[in-house]
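S.K.: Starting off with a structure, shown below.
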Amino acid sequence: MDPTAAKFIGAGLACFALIGAGIGIGNIFGNYLSGALRNPSAAPGQFTNLLIGFALAEATGLFGLLVALIILFG
Amino acid sequence: MLASLAVLAAATAEATEQSGGLPQLYAPDFAPQLIWLAITFGALYFILSRWSLPRVAEVIEERRDRIQRDLDEADRLKGETEKALAAYEQELAAARGRAGSIARETRDKLAAEVDQERARADSQVNAKLEDAEKRIGQMKSKALAQVNEIATETAGAVVEKLIGAEVSAEEARRALEPVPGE
Amino acid sequence: MHQFQIYRLTELEILGFDASFTNASLFMVLAVVLIVGFLALSMTGRSLVPTRIQSVAELSYEFIANMVRENVGQAGMKYFPFVFSLFVFILVLNLIGMIPYTFTVTSHIIVTFALAALVFVVVTGIGFARHGFGYLRLFVPDGVPVWLMPLIVPIELISYLIRPVSLSVRLFANMMAGHTMLKVFAGFVVSLGVFGIAPLLFTIAFTGLEFVVAILQAFIFTVLTCIYLNDAVNMHH
């Protein structure tokens, strides 16, 4: 196989990590929203935790993206 | 700023593309970045912690103190007002009680005076009544005595006229003495 | 990848190390000047009733102070200047990077890694200074059966050691991914001709999102620093 093609395929595969990040982020915000609608008064207190969860979930996806970028350009 | 941007643009233009890799992973660029990061962040931390942040903190602190002071002052004034109000109410109650007692005293005193007066008046009246009664009794007995005298005289005169004999006053009186058992 | 390129503006050498003044250095210096200048300018009046610019400075102060107080407690206020410096430094660097033709310092892994490593070293230092070797109990959670220890302790240790990596990669990857994505879609605008309007609109919307990300990532970096500080200062697990 052409090494360049393999590189691109590898980078594309590495981007699959973003699927998980997407699911995770959607989960976090969805659950936050449903929780916030049940008990709106408690919602602002959990906003920091929401952002932390979002950042943690996003970071895992970005690791994959990073791998893809390194494969492509590294 | 503009000058440095111009220099930057020039540098960009003439820079040869280094390899094909990610610029972030180009190791020879690490050292200057680290050194300048240390310099700039160190300077930032030093200036902020020594100079900028204490200034901000001072103003915020001062405002908080000021608000706290004002609140305390307001609290104190409120306490004073309440104290004054309580004192006023106490005073009012005391005054009301005093007024009540004065009224009662006055009433009692007046009643006592009235009673005394009445008693005195009564006794005076009684005395006068007794006096009057006594005087009436005297006058009555005097009158009665005079009646006897007149009767005696009249009887003497009548007897004299009738029989032509002089009757002494003594006799006439005796004759006119009330009959016992009358 | 041209926007991430480092250019040497002045060649410089300190103690045998290459300390050239690069475009990254320029924007770091610019950020420091902006921050200090802004704080100095906003606090010139120092009025009891804040002016508009003064209240911005005070709001940012209160924002970070509350974050430290909530996450670390009153004992953590000692490290407030450090946390505040980190926050404004990253925030301003991120926001400067949003201006076209500027350079995003935080899109370089070496810079973010150095910052994260600094946080790691500071936090670990504080932990050992406050608790001595008792700080190692951080890796031994309460209420875990002894036979699980050989498994739990290495996991805790690794999750502790991986902190600077995840902290730095998160910031770096966010900044770099955003900028790369903008560039890729901006390239579509030209290549698609008339239909380039679609990627153009997307680019505009995405720029707004990038501003949010720039602020959010500075915030996340700071919050995580506070949480790590809390571990070191209070040690309740």
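Numbering starts fresh at 1 for the residues of each chain in the structure tokens, the chains themselves are lettered A, B, ... in the order given, and ligands are numbered from 1 as they appear.
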What are the nearest atom pairs, with distances in Å to one decimal, for all residues of chain B that come at most 9 Å from chain A, using only C-alpha atoms, set out by chain and rising residue number as CSV?
M.R.:
residue,atom,partner,partner_atom,distance
B:Gly20,CA,A:Phe73,CA,6.6
B:Gly21,CA,A:Gly74,CA,4.5
B:Leu22,CA,A:Phe73,CA,5.3
B:Pro23,CA,A:Gly74,CA,8.9
B:Leu25,CA,A:Gly74,CA,7.5
S.K.: Could you take the residues named above and write them with C-alpha atoms, as a PDB file, in the first residue's frame?
M.R.:
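Output contents, as saved in selection_15.pdb:
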ATOM      1  CA  GLY B  20       6.910  19.489   6.474  1.00  0.00           C
ATOM      2  CA  GLY B  21       6.047  18.594  10.041  1.00  0.00           C
ATOM      3  CA  LEU B  22       4.038  20.299  12.690  1.00  0.00           C
ATOM      4  CA  PRO B  23       5.747  23.516  13.759  1.00  0.00           C
ATOM      5  CA  LEU B  25       7.002  19.593  17.243  1.00  0.00           C
TER       6      LEU B  25
END
S.K.: Which polymer residues have any atom within 8 Å of an atom of Val169 (chain C), counting only C-alpha atoms, with same-chain residues fewer than 6 positions away left out, as a PyMOL selection string?
M.R.: (chain A and resi 59+63) or (chain C and resi 109+112-113)
S.K.: Could you save the residues just selected, with C-alpha atoms, as a PDB file, in the first residue's frame?
M.R.:
ATOM      1  CA  ALA A  59      -9.941  16.284  26.095  1.00  0.00           C
ATOM      2  CA  PHE A  63      -6.188  13.350  22.155  1.00  0.00           C
TER       3      PHE A  63
ATOM      4  CA  ILE C 109       2.431  22.168  23.105  1.00  0.00           C
ATOM      5  CA  THR C 112       1.124  24.723  27.484  1.00  0.00           C
ATOM      6  CA  PHE C 113       3.174  21.828  28.761  1.00  0.00           C
TER       7      PHE C 113
END
S.K.: Pull out every residue of chain A sitting within 10 Å of chain C, counting only C-alpha atoms, and send them as an MDAnalysis selection string.
M.R.: chainID A and resid 48:49 51:56 58:66 69 73
S.K.: Could you write out as a PyMOL selection string the residues of chain C within 9 Å of chain B, counting only C-alpha atoms?
M.R.: chain C and resi 1-2+4-9+12-13+17-26+28-33+35-36+39-40+43+46-49+54+57-58+61-62+80-82+84-86+89+101-102+105+107-111+114-115
S.K.: Set the distance at 7 Å and use only C-alpha atoms: which residues neighbour Leu91 (chain C) once local chain neighbours fewer than 2 positions away are removed? I'd like the list as a list of chain:residue names.
M.R.: C:Phe87, C:Val88, C:Phe89, C:Leu93, C:Asn94, C:Leu95, C:Ala214, C:Ile215, C:Ala218
S.K.: Could you dump the residues just selected with N, CA, C and O atoms as a PDB file, in the first residue's frame?
M.R.:
ATOM      1  N   PHE C  87      -4.613  32.491  34.939  1.00  0.00           N
ATOM      2  CA  PHE C  87      -5.874  32.705  34.226  1.00  0.00           C
ATOM      3  C   PHE C  87      -5.752  33.836  33.226  1.00  0.00           C
ATOM      4  O   PHE C  87      -6.045  33.661  32.044  1.00  0.00           O
ATOM      5  N   VAL C  88      -5.282  35.003  33.663  1.00  0.00           N
ATOM      6  CA  VAL C  88      -5.259  36.133  32.742  1.00  0.00           C
ATOM      7  C   VAL C  88      -4.231  35.902  31.640  1.00  0.00           C
ATOM      8  O   VAL C  88      -4.463  36.284  30.490  1.00  0.00           O
ATOM      9  N   PHE C  89      -3.123  35.251  31.982  1.00  0.00           N
ATOM     10  CA  PHE C  89      -2.089  35.010  30.968  1.00  0.00           C
ATOM     11  C   PHE C  89      -2.657  34.143  29.845  1.00  0.00           C
ATOM     12  O   PHE C  89      -2.582  34.501  28.658  1.00  0.00           O
ATOM     13  N   LEU C  93      -3.621  35.400  26.047  1.00  0.00           N
ATOM     14  CA  LEU C  93      -2.929  34.756  24.930  1.00  0.00           C
ATOM     15  C   LEU C  93      -3.931  34.120  23.972  1.00  0.00           C
ATOM     16  O   LEU C  93      -3.805  34.245  22.746  1.00  0.00           O
ATOM     17  N   ASN C  94      -4.941  33.442  24.535  1.00  0.00           N
ATOM     18  CA  ASN C  94      -5.966  32.822  23.691  1.00  0.00           C
ATOM     19  C   ASN C  94      -6.698  33.870  22.873  1.00  0.00           C
ATOM     20  O   ASN C  94      -6.963  33.677  21.684  1.00  0.00           O
ATOM     21  N   LEU C  95      -7.069  34.967  23.532  1.00  0.00           N
ATOM     22  CA  LEU C  95      -7.875  35.981  22.841  1.00  0.00           C
ATOM     23  C   LEU C  95      -7.057  36.733  21.803  1.00  0.00           C
ATOM     24  O   LEU C  95      -7.573  37.058  20.725  1.00  0.00           O
ATOM     25  N   ALA C 214     -11.897  29.892  23.668  1.00  0.00           N
ATOM     26  CA  ALA C 214     -10.709  30.580  24.193  1.00  0.00           C
ATOM     27  C   ALA C 214     -10.916  30.948  25.659  1.00  0.00           C
ATOM     28  O   ALA C 214     -10.026  30.745  26.491  1.00  0.00           O
ATOM     29  N   ILE C 215     -12.111  31.461  25.977  1.00  0.00           N
ATOM     30  CA  ILE C 215     -12.385  31.837  27.362  1.00  0.00           C
ATOM     31  C   ILE C 215     -12.553  30.597  28.225  1.00  0.00           C
ATOM     32  O   ILE C 215     -12.011  30.495  29.330  1.00  0.00           O
ATOM     33  N   ALA C 218      -9.279  28.780  29.147  1.00  0.00           N
ATOM     34  CA  ALA C 218      -8.552  29.478  30.215  1.00  0.00           C
ATOM     35  C   ALA C 218      -9.218  29.182  31.556  1.00  0.00           C
ATOM     36  O   ALA C 218      -8.552  28.916  32.566  1.00  0.00           O
TER      37      ALA C 218
END
S.K.: Hey, which of C:Pro50, C:Pro141, C:Gly16, C:Gly208 ends up closest to Gly178 (chain C)? Count only C-alpha atoms.
M.R.: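 Checking each of C:Pro50, C:Pro141, C:Gly16, C:Gly208 against Gly178 (chain C), counting only C-alpha atoms, the winner is C:Gly208.
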S.K.: Looking only at helix (DSSP H, G or I) from DSSP on the backbone, list the matching residues of region 33-167 of chain C as a PyMOL selection string.
M.R.: chain C and resi 33-42+52-71+74-97+105-107+109-139+146-161+163-167
